[in-house]
Amino acid sequence: MDIKIPEIGESVRDALLAKWFKADGAAIKKDDPLCEIETDKITLDLNADADGVLSIAVQEGTTVAVGTVIGSIAEAAAKQEAPPSLSATQLADRLLAPASSPTVRREMLENDITPDQVPGTGKGGRITLDDLFARIEERSKQPPAPRPVAVAQQPVVIPETPPVPPATLPPSAPEPAAPADEPAASTYAVSSEAAPAYTAGREERRPMTPIRRRIAERLVAARQQTAMLTTFNEADLSRVKALRSNYREHFMQRHGIALGFMPFFVKACVEALKEFPNVNGSIDGDDIVLHHFYDIGIAIGGEKGLVVPILRNADQMKLYEIDQAIAEYSQKIKTNRLEITDLQGGTFSISNGGVYGSMLSTPILNPPQSAVLGMHAIQDRPVVRDGQIVVRPMMYLALSYDHRIIDGREAVGFLKKVKEYIEEPEELLLEG
Amino acid sequence: MSETTFDLIVIGAGPGGYVAAIRATQLGMKVAVVEKRATLGGVCLNEGCIPSKALLDSSELFAQARDKFASHGIAIDPPRLDLGSMMLRKDDVVRKLTDGIAYLFKKNAIRRLHGTAVLKGKNPEGEHQVEVTPVADGQQSLLDAPPEAVLLTAPRILLATGSEAAGLPGISFDGQVVVSAREALSFDKLPEHLIVAGGGYIGLEMGSVWRRLGAKVTVIEMLPQILPNMDRQVADALYRSLRKQGIQFKLATRINNVRRIGSKAIVEYNDGTGSEEIDCDKVLVAIGRRPMTAGLGLDELGLGLDEKGRVVVDANYQTTVPGIYAIGDLVPGPMLAHKASEEGVVCVERMAGQHSTVEYDFIPGVCYTWPEAASVGSTEEQLKKANIPYRSGRFNFSALGRARCMDESEGFVKILAHQETDRVLGVHILGPRASDLIAEAATVMCFGGTARDIALMCHAHPTLSEAIKEAALDLHKEAIHG
């Protein structure tokens, strides 16, 4: 049974095979996690579909197209895969593939293209060599495929270990032992040519992972394509804290989850968004799009970078449901099970730098959203209440917003509203 | 690199090994080939495909002169068999071809060693070692014959030692009366009665040679049919044709014993109704071949074999020992020279990082009887078993002008195509030059062609190939001459 890179999402064409959890030749059980793949949006685990012996075809660190066979599972007693003899099911399978020619099939293997990726224009839908070359050319016009991570580390010839089966090597990887190929070492030389010899070892270069590259692109885009400003305020969390400590146990018993701060902020934002609809809107070309739903993105830091899964229709969620949903997302991120649909859409985001101890920061927009709330660490600070200096648990709030669609008045008003809801959560509870 | 260090050592210079060696040097590798035989080309060239075809062609001419010339209006005295000259011609064909390979080796700077090879594990540098011991067979070798054992090293070893004839259980080859195909290609006189054990390709071809030259031939087959893997209609029609030519068959019959009496033998067999005996002067055992893995030192390396003694390999033809590869008759699949050659090329190309594959679906198989039987793709029986909806088209050579002119009107072309897509799934031919005609079928199938594609192609008239077009037309009930 082949292990393939699955369809991950509409716009996802290739993925980085980040890590094999099992060694080549290892005995595996159904549902064992086999490897981790990483796309520009998410990372996820591939699990075994069957019991058997794992055979790895693509080494970790290589970028492969969706649909690529990266290994196989020799089921049960079946030993290594022998040169195929024609079994009934194989025969039936092969009849489904579009017709082509020996040269086309060879070139497809060479270029890591599967028949279903090439529209055939020949007689009866045949894939002609021209069709294939057109597909290859089209692909080369797309953003260049990322360089595989491990290229420079792989020895050119591996006498001891079996070479990677060439049939499944990604197009961008140098072929392990092709004598005519440029030695892989030259790739290495290019990347380090600027560094003088004496700096050797003082720095290292790594290609960005797809997810990091995507983050980088989006952040720069957010900076360049919006008129981003940040406004600040602070909130007194005494009431929220009191509510939490009073009801924590009860809440735990009923919902099996500790009541966190986040649900209050989500609720506060939703209520404030209702009053300031532009903050929940976005710009599309020359239009302003107002959303009559409240899909709130919650920024959660993962090992691979920040991801922002979405709470759908947060206005209709109960506090405990919000808590549960966030806990579920955190778990999914840890186990690499986040799906692309979990990340799509979103009308407003909340980012909590407080968990890392940040006192004050300016969050960055997550386009096409127009605003993002930054939460920070709660600190006991002296504040003046009724002419007296008192100590209160305080949090600075920051709202970064796209000034093109949100006026300063609205931004400040919105943030003030959030502050009020947090300081007087009873109102939230009565409303919601 | 020293004199004994290579990029690749190929063991066996048959159609798998010698082709792989040449391809490997084209790809820039430094290659050594170890061959225990004095000449190159393996079984195929020395005692298989080539000499048997040489004799098949000679004996066919003899049979034509004897049986058919008169009907063409050529009056001759009954032809006399000069077996010695026939054998010399055969040997000459073999020598020219094996010399040809020797020339190719020289041209490609392939180091040839005449000797037996034993794998000796890895040296401290992690390279595989092969010990080559000279063969003292007294023959003048065309290969470099090392005076004493030498140790070669290379990171990669390709095993291409092929197969040898399997014997009947409890009955050993004696090289004179109970023989394999090798000796049956070199009988010094016409056998009176040749018994062929096994109704496969080799048995039927060798049986045909000696039958045409005048021997009495009896084929004893354990199964109830000959050529069990062939399309049934073709195998059955060939069976009838061979019987008409005078070959006798005992099917579903088991040989229990062979007793030698001087230069003769008595074969004891059982066809299910009781034990019987039959006299003969030669017994050709052609019940199959088995991979030749003994003496290579595979056990010591822990190299895995399957239950049939074949070498277990992965898609790169790499065995369970990294760096050691195997192809051809050593590995599963049909034991055909052209399959071994394809695997040899693909194996070394993959070593060089190329994306080659052997397209096992399109390997043609030919039985060089007369009429010849040839096929590519699935048989009707396989399609039925796999529940694949298909249509069948057939055209008999008896309705074909050229076949009539040649007075070769036996046989037919049968095309199987997918019911819905019309894609050609299998072509089976019994008839004159089926071995050459099958190439068109293999080509069409490689390109995913349909029966209609064949029907739409213009075929020259009058040729045998028209039968393929007509069969394709028949598949859609549009045959002009059917």
# chains A, B, ... in the order shown; residues from 1 in each chain; ligands from 1
$ interface_residues --of "chain B" --to "chain A" --cutoff "6 Å" --atoms "only C-alpha atoms" --output "list in words"
Pro155, Val313, Asp314, Ala315, Pro322, Ala352, Gly353, His355, Ala386, Cys446, Phe447 and Gly448 of chain B
$ residues_around --residues "Asn46 (chain B)" --least-positions-apart "5" --cutoff "9 Å" --atoms "only C-alpha atoms" --output "PyMOL selection string"
chain B and resi 39-41+51+91+94-95+98+182
$ write_last_selection --atoms "N, CA and C atoms" --output "compact mmCIF listing (two decimals), in the first residue's frame"
# COMPACT_ATOMS: atom_id res chain seq x y z
N THR B 39 32.10 -18.31 -23.24
CA THR B 39 31.60 -17.30 -24.17
C THR B 39 30.55 -16.45 -23.50
N LEU B 40 30.31 -15.30 -24.09
CA LEU B 40 29.32 -14.38 -23.52
C LEU B 40 27.93 -14.71 -24.05
N GLY B 41 26.92 -14.15 -23.42
CA GLY B 41 25.56 -14.30 -23.94
C GLY B 41 24.68 -15.22 -23.13
N PRO B 51 20.32 -20.73 -30.49
CA PRO B 51 20.49 -22.01 -31.18
C PRO B 51 19.16 -22.72 -31.45
N ASP B 91 25.92 -23.67 -34.78
CA ASP B 91 27.06 -23.25 -33.96
C ASP B 91 27.67 -21.96 -34.51
N VAL B 94 25.61 -19.04 -33.45
CA VAL B 94 25.88 -18.74 -32.05
C VAL B 94 27.22 -18.04 -31.91
N ARG B 95 28.24 -18.56 -32.63
CA ARG B 95 29.58 -17.98 -32.48
C ARG B 95 29.60 -16.54 -32.95
N THR B 98 27.88 -14.43 -30.21
CA THR B 98 28.64 -14.27 -28.96
C THR B 98 29.90 -13.44 -29.21
N ARG B 182 19.76 -28.00 -23.38
CA ARG B 182 21.12 -27.79 -23.87
C ARG B 182 21.57 -28.94 -24.77
$ closest_residue --among "B:Leu223, B:Val312, B:Leu430, B:Ala326" --to "Thr369 (chain B)" --atoms "only C-alpha atoms"
B:Leu430
$ residues_around --residues "region 207-213 of chain A" --least-positions-apart "2" --cutoff "7 Å" --atoms "only C-alpha atoms" --output "PyMOL selection string"
chain A and resi 38-42+149+205+215-217+305
$ residues_around --residues "Arg218 (chain A)" --least-positions-apart "4" --cutoff "12 Å" --atoms "only C-alpha atoms" --output "ChimeraX atom specification"
/A:40-41,211-214,222-226,306,364-368
$ residues_around --residues "Thr253 (chain B)" --least-positions-apart "2" --cutoff "9 Å" --atoms "only C-alpha atoms" --output "list in words"
Ile220, Glu221, Met222, Leu223, Pro224, Lys250, Leu251, Ile255, Tyr269, Asn270, Asp271 and Gly272 of chain B
$ residues_around --residues "region 293-302 of chain B" --least-positions-apart "5" --cutoff "7 Å" --atoms "only C-alpha atoms" --output "PyMOL selection string"
chain B and resi 117-119+121
